[in-house]
Amino acid sequence: MIRYANMQDFAVLKEYDKHISESELKNILPAKRVLIMYQEDTFIGWLRYGLFWDSIPFINMLYMLEKYQGQGNGTRLVSFWEKEMAKTGYRQVLTSTQSNERAQFFYRKIGYTECGALLLPKEPLEMIFRKDLK
């Protein structure tokens, strides 16, 4: 099951998502900027997004708990999100990953193409990916 997270999901998200402050997580939950995925009654992962330039949906975090990786769950979660974004009227989506992470191969496999990069001091190259929505 995939659904938008709400304040009742705050505790589980706070436990796993260490890349966002608690206050910002509280701010984005009512805005429906986090999708969560369950397998039966077990929390298995989430997708958190924002808007690049306040106009293009951008995946900030996609994560499946280790036990549930490599089973198509990430693909299903991103596909659900893409359909939600298309229904809302968006025509393209973005995401990024560091060049030393496996995620770049995942995004290419599901139809994302490289469109740029960001290089910050003492950080690996951040690769930007985009995908047109139908």
# chains A, B, ... in the order shown; residues from 1 in each chain; ligands from 1

$ select_by_dssp --residues "chain A" --states "helix (DSSP H, G or I)" --output "PyMOL selection string"
chain A and resi 7-16+22-28+66-68+73-87+103-109

$ residues_around --residues "Gly111 of chain A" --least-positions-apart "4" --cutoff "10 Å" --atoms "only C-alpha atoms" --output "list in words"
Phe106, Tyr107, Phe129, Arg130, Lys131 and Asp132 of chain A

$ write_last_selection --atoms "N, CA and C atoms" --output "CSV table (one decimal), in the first residue's frame"
chain,number,residue,atom,x,y,z
A,106,PHE,N,19.6,2.9,-10.9
A,106,PHE,CA,18.1,2.8,-10.7
A,106,PHE,C,17.3,3.8,-11.5
A,107,TYR,N,17.7,5.1,-11.3
A,107,TYR,CA,17.0,6.1,-12.0
A,107,TYR,C,17.1,6.0,-13.5
A,129,PHE,N,18.9,14.3,-12.5
A,129,PHE,CA,18.2,13.5,-13.5
A,129,PHE,C,16.8,14.1,-13.7
A,130,ARG,N,16.3,13.9,-14.9
A,130,ARG,CA,14.9,14.4,-15.2
A,130,ARG,C,14.1,13.3,-16.0
A,131,LYS,N,12.8,13.5,-15.9
A,131,LYS,CA,12.0,12.6,-16.7
A,131,LYS,C,10.7,13.3,-17.1
A,132,ASP,N,10.3,13.2,-18.4
A,132,ASP,CA,9.1,13.8,-18.9
A,132,ASP,C,7.9,12.9,-18.4

$ residues_around --residues "segment 95-100 of chain A" --least-positions-apart "5" --cutoff "8 Å" --atoms "only C-alpha atoms" --output "number ranges by chain"
A: 58-60, 124-130

$ atom_distance --atom1 "atom CA of Tyr49 of chain A" --atom2 "atom CA of Met85 of chain A"
10.7 Å

$ closest_residue --among "A:Gly45, A:Gly116, A:Gly72, A:Gly50" --to "Leu29 of chain A" --atoms "only C-alpha atoms"
A:Gly50

$ closest_residue --among "A:Met64, A:Ile56, A:Val34, A:Ile2" --to "Ser79 of chain A" --atoms "only C-alpha atoms"
A:Ile2

$ atom_distance --atom1 "atom CA of Ala5 of chain A" --atom2 "atom CA of Leu35 of chain A"
5.5 Å

$ atom_distance --atom1 "atom CA of Glu24 of chain A" --atom2 "atom CA of Glu40 of chain A"
28.3 Å

$ select_by_dssp --residues "segment 33-132 of chain A" --states "strand (DSSP E)" --output "NGL selection string"
:A and (34-39 or 42-52 or 56-64 or 92-98 or 113-118 or 126-132)

$ closest_residue --among "A:Ala103, A:Leu94, A:Met7, A:Met1" --to "Ile28 of chain A" --atoms "only C-alpha atoms"
A:Met7

$ residues_around --residues "Glu84 of chain A" --least-positions-apart "6" --cutoff "12 Å" --atoms "only C-alpha atoms" --output "PyMOL selection string"
chain A and resi 2-4+32-35+57+77-78+90-93+133-134

$ write_last_selection --atoms "N, CA and C atoms" --output "CSV table (one decimal), in the first residue's frame"
chain,number,residue,atom,x,y,z
A,2,ILE,N,0.5,2.2,-0.8
A,2,ILE,CA,1.2,3.5,-0.9
A,2,ILE,C,0.2,4.6,-0.6
A,3,ARG,N,0.6,5.5,0.3
A,3,ARG,CA,-0.3,6.6,0.6
A,3,ARG,C,0.5,7.8,1.1
A,4,TYR,N,-0.2,9.0,1.1
A,4,TYR,CA,0.5,10.1,1.6
A,4,TYR,C,0.6,10.0,3.2
A,32,LYS,N,1.4,17.2,2.0
A,32,LYS,CA,1.5,16.0,1.2
A,32,LYS,C,2.7,15.9,0.4
A,33,ARG,N,3.9,16.1,1.0
A,33,ARG,CA,5.1,16.0,0.3
A,33,ARG,C,5.9,14.7,0.7
A,34,VAL,N,5.2,13.8,1.4
A,34,VAL,CA,5.9,12.5,1.7
A,34,VAL,C,4.9,11.4,1.4
A,35,LEU,N,5.4,10.4,0.7
A,35,LEU,CA,4.6,9.2,0.4
A,35,LEU,C,5.3,8.0,1.2
A,57,PRO,N,8.5,19.2,-9.6
A,57,PRO,CA,8.6,18.2,-8.5
A,57,PRO,C,10.0,17.5,-8.5
A,77,LEU,N,6.9,2.7,-6.0
A,77,LEU,CA,6.7,4.0,-5.3
A,77,LEU,C,7.0,5.2,-6.2
A,78,VAL,N,8.0,5.2,-7.0
A,78,VAL,CA,8.3,6.3,-7.9
A,78,VAL,C,7.2,6.4,-8.9
A,90,TYR,N,1.8,18.5,-13.6
A,90,TYR,CA,3.2,18.6,-13.9
A,90,TYR,C,3.6,17.8,-15.1
A,91,ARG,N,4.5,18.3,-15.9
A,91,ARG,CA,4.9,17.7,-17.1
A,91,ARG,C,6.3,17.0,-17.0
A,92,GLN,N,7.1,17.3,-16.0
A,92,GLN,CA,8.4,16.7,-15.8
A,92,GLN,C,8.7,16.6,-14.3
A,93,VAL,N,9.6,15.8,-14.0
A,93,VAL,CA,10.1,15.6,-12.6
A,93,VAL,C,11.6,15.5,-12.6
A,133,LEU,N,6.9,13.5,-18.0
A,133,LEU,CA,5.7,12.7,-17.7
A,133,LEU,C,4.7,12.7,-18.8
A,134,LYS,N,3.9,11.6,-18.9
A,134,LYS,CA,2.9,11.5,-20.0
A,134,LYS,C,1.6,12.2,-19.6
